[in-house]
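Remarks on the structure that follows.
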Amino acid sequence: MRGLYAITDPYLTPGQQLFEAVEAALRGGVSYLQYRDKLHEAGDRLRIAQELRALCYDYGAWFIVNDDVALTKAVQAHGVHLGREDMPLEEARELLDPDTLIGVSCYNDLARARAAQNAGADYVAFGRFFASRTKPQAQPASLETLRQARAELTIPVVAIGGITTENADVVIDAGADVVAVIQGLFAQPDIEATARQFCQLFQKS
Ligand SMILES: Cc1ncc(COP(=O)(O)OP(=O)(O)O)c(N)n1
Ligand SMILES: Cc1nc(C(=O)O)sc1CCOP(=O)(O)O
């Protein structure tokens with residue numbers, strides 16, 4: 001697992017704009033798309049997730065649902081992302097097909113990441129590394145945590161929080177296999193070109 005991980009934000013790209021923005025990101029080379037939606041009701045989220053999943057399949061990208069294990073199953077997503085407020089990894093694993101990817105938020109907590117790996121997580125995410133306009137309350141994570149995680153863990157390590165094409169090299173150099181972005185991609189005037197720029201950073205290292 002390596003490359004660009006784009007996360008949707010229905011406040012930033014509402015309605016039909018969301019699908020256009022996601023398609024531009026996929027054309028630009030996004031490898032993983034996470035559907036993160038704290039706004040819509042369950043019925044709308046099912047319809048949106050189905051459409052996003054279809055787009056990801058068209059472009060050969062992985063489709064990952066944030067927080068919601070039932071929705072992950074309902075739309076046969078490739079994976080689910082779980083944080084500390086969400087269903088525990090072990091419980092999710094019981095409910096999901098064995099080949100469904102499970103990612104776990106670890107913030108700045110290496111012990112949590114070790115436990116997640118031991119419990120069968122497919123990737124762990126650390127953040128936030130830079131000030132995030134999407135989630136200003138997110139606590140900072142250190143590059144040293146990222147370095148240690150990459151040195152010690154065998155599963156992929158994702159970096160998140162305030163990442164842009166200008167600063168992504170800092171987390172990639174510290175060991176991030178994947179960079180996860182919202183505003184650094186979807187708030188940019190040319191989403192496709194920005195996705196390409198992110199992807200080029202992975203070709204250099
Ligand atoms: C790839 C990735 N990393 C971290 C998060 C944050 O997850 P969480 O802590 O559950 O917070 P919310 O996204 O639910 O606000 C993520 N979604 N994706
Ligand atoms: C959803 C999320 N989780 C974070 C964490 O630190 O766990 S930071 C974050 C927001 C990421 O958006 P942007 O790329 O716009 O900063």
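We name chains A, B, ... following the order of the structure tokens; residues begin at 1 in each chain, and ligands are numbered from 1 as shown.
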**Study point:** Residue contacts of segment 91-99 of chain A (12 Å, only C-alpha atoms) excluding same-chain residues fewer than 5 positions away, as a list in words
**Key:** Asp67, Asp68, Val69, Ala70, Leu71, Thr72, Lys73, Ala74, Val75, Gln76, Ala77, His78, Gly79, Val80, His81, Leu82, Gly83, Asp86, Val104, Ala116, Ala119, Gly120, Ala121 and Asp122 of chain A
Proximity of chain A to ligand 2: per-residue shortest pair, 6 Å limit, only C-alpha atoms and all ligand atoms, as a tab-separated table:
residue	atom	partner	partner_atom_place_in_ligand_line	distance
A:Tyr107	CA	ligand 2	7 (O)	5.3
A:Gly127	CA	ligand 2	6 (O)	3.6
A:Arg128	CA	ligand 2	6 (O)	3.5
A:Ser132	CA	ligand 2	16 (O)	3.7
A:Arg133	CA	ligand 2	15 (O)	5.6
A:Thr134	CA	ligand 2	15 (O)	4.4
A:Lys135	CA	ligand 2	10 (C)	4.8
A:Ala138	CA	ligand 2	6 (O)	5.0
A:Ile160	CA	ligand 2	8 (S)	5.4
A:Gly161	CA	ligand 2	8 (S)	3.8
A:Gly162	CA	ligand 2	16 (O)	3.5
A:Ile163	CA	ligand 2	14 (O)	5.4
A:Val181	CA	ligand 2	14 (O)	3.8
A:Ile182	CA	ligand 2	14 (O)	3.9
A:Gln183	CA	ligand 2	15 (O)	3.8
A:Gly184	CA	ligand 2	14 (O)	5.6
Could you write out that same residue set with N, CA and C atoms as a short mmCIF file (atom, residue, chain, number, x, y, z; two decimals), in the first residue's frame?
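Here's the written file out09.cif:
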data_model
loop_
_atom_site.label_atom_id
_atom_site.label_comp_id
_atom_site.auth_asym_id
_atom_site.auth_seq_id
_atom_site.Cartn_x
_atom_site.Cartn_y
_atom_site.Cartn_z
N TYR A 107 -3.34 8.34 15.91
CA TYR A 107 -3.03 9.68 16.42
C TYR A 107 -1.51 9.84 16.57
N GLY A 127 -1.55 11.17 12.94
CA GLY A 127 -1.78 12.56 12.60
C GLY A 127 -2.32 13.29 13.82
N ARG A 128 -2.40 14.59 13.70
CA ARG A 128 -2.17 15.33 12.50
C ARG A 128 -0.72 15.90 12.48
N SER A 132 -4.60 21.49 10.63
CA SER A 132 -5.65 21.02 9.71
C SER A 132 -6.86 21.95 9.79
N ARG A 133 -7.26 22.50 8.65
CA ARG A 133 -8.46 23.33 8.62
C ARG A 133 -9.70 22.46 8.69
N THR A 134 -9.60 21.23 8.24
CA THR A 134 -10.75 20.32 8.30
C THR A 134 -11.04 19.91 9.74
N LYS A 135 -9.98 19.65 10.49
CA LYS A 135 -10.16 19.15 11.86
C LYS A 135 -9.20 19.92 12.77
N ALA A 138 -7.75 18.45 16.04
CA ALA A 138 -6.88 17.26 16.05
C ALA A 138 -5.56 17.59 16.75
N ILE A 160 -1.61 11.79 8.11
CA ILE A 160 -2.79 12.64 7.83
C ILE A 160 -2.69 13.95 8.61
N GLY A 161 -3.37 14.95 8.10
CA GLY A 161 -3.54 16.21 8.82
C GLY A 161 -2.76 17.36 8.24
N GLY A 162 -3.46 18.22 7.49
CA GLY A 162 -2.84 19.44 6.95
C GLY A 162 -1.81 19.18 5.87
N ILE A 163 -1.87 18.02 5.24
CA ILE A 163 -0.85 17.68 4.23
C ILE A 163 -1.22 18.33 2.89
N VAL A 181 -5.37 12.99 2.51
CA VAL A 181 -5.60 14.43 2.38
C VAL A 181 -7.07 14.74 2.11
N ILE A 182 -7.48 15.89 2.66
CA ILE A 182 -8.80 16.44 2.29
C ILE A 182 -8.57 17.79 1.60
N GLN A 183 -8.30 18.83 2.40
CA GLN A 183 -8.21 20.18 1.82
C GLN A 183 -7.03 20.34 0.86
N GLY A 184 -5.95 19.63 1.17
CA GLY A 184 -4.76 19.72 0.32
C GLY A 184 -5.02 19.24 -1.09
#
Review point. Quick one: of A:Ala113, A:Phe129, A:Gln139, A:Arg47, who's nearest to Leu153 of chain A, counting only C-alpha atoms?
Key: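 Ranked by minimum distance to Leu153 of chain A, first place goes to A:Ala113.
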Practice item. For Gly29 of chain A, list every protein, DNA or RNA residue within 9 Å, evaluated using only C-alpha atoms, and leave out those in the same chain fewer than 4 positions away; present the list as JSON, numbers by chain. Key: {"A": [3, 4, 24, 25, 59, 61, 192, 195, 196, 198, 199]}
Selection from above, C-alpha atoms, as a PDB file, in the first residue's frame, can you write it?
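out-v2.pdb written:
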ATOM      1  CA  GLY A   3       0.371   6.446  -2.719  1.00  0.00           C
ATOM      2  CA  LEU A   4      -2.332   9.046  -2.363  1.00  0.00           C
ATOM      3  CA  ALA A  24     -10.998  14.478 -11.006  1.00  0.00           C
ATOM      4  CA  ALA A  25      -8.979  13.104  -8.078  1.00  0.00           C
ATOM      5  CA  TYR A  59     -10.659   3.758 -11.927  1.00  0.00           C
ATOM      6  CA  ALA A  61      -8.980   2.586  -6.801  1.00  0.00           C
ATOM      7  CA  GLU A 192      -6.643  16.440 -11.046  1.00  0.00           C
ATOM      8  CA  ALA A 195      -3.450  14.680  -7.369  1.00  0.00           C
ATOM      9  CA  ARG A 196      -0.790  14.171 -10.057  1.00  0.00           C
ATOM     10  CA  PHE A 198       1.090  14.270  -4.969  1.00  0.00           C
ATOM     11  CA  CYS A 199       1.580  11.046  -6.918  1.00  0.00           C
TER      12      CYS A 199
END
Exercise for review: Pull the helix (DSSP H, G or I) assignments for segment 8-180 of chain A out of DSSP run on the backbone, and list those residues as a ChimeraX atom specification.
Suggested key: /A:16-27,42-59,69-74,89-95,110-118,143-152,168-173
Exercise for review: Could you give me, as a list of chain:residue names, each residue of segment 34-64 of chain A that DSSP assigns to strand (DSSP E) when run on this structure's backbone?
Suggested key: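 Answer for segment 34-64 of chain A, restricted to strand (DSSP E): A:Gln34, A:Tyr35, A:Trp62, A:Phe63, A:Ile64.
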Point to revise | Between atom CA of Ala131 of chain A and atom CA of Trp62 of chain A - distance in Å to one decimal | key: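 Atom CA of Ala131 of chain A lies at a distance of 26.7 Å from atom CA of Trp62 of chain A.
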Check your understanding: Which residues come within 10 Å of Arg112 of chain A, counting only C-alpha atoms, excluding same-chain residues fewer than 6 positions away, as a ChimeraX atom specification?
Key -> /A:84,104-106,118,124
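When only C-alpha atoms are used to compute distances to Leu18 of chain A, the closest of the residues A:Leu146, A:Ile64, A:Met87, A:Ala187 turns out to be A:Ala187.
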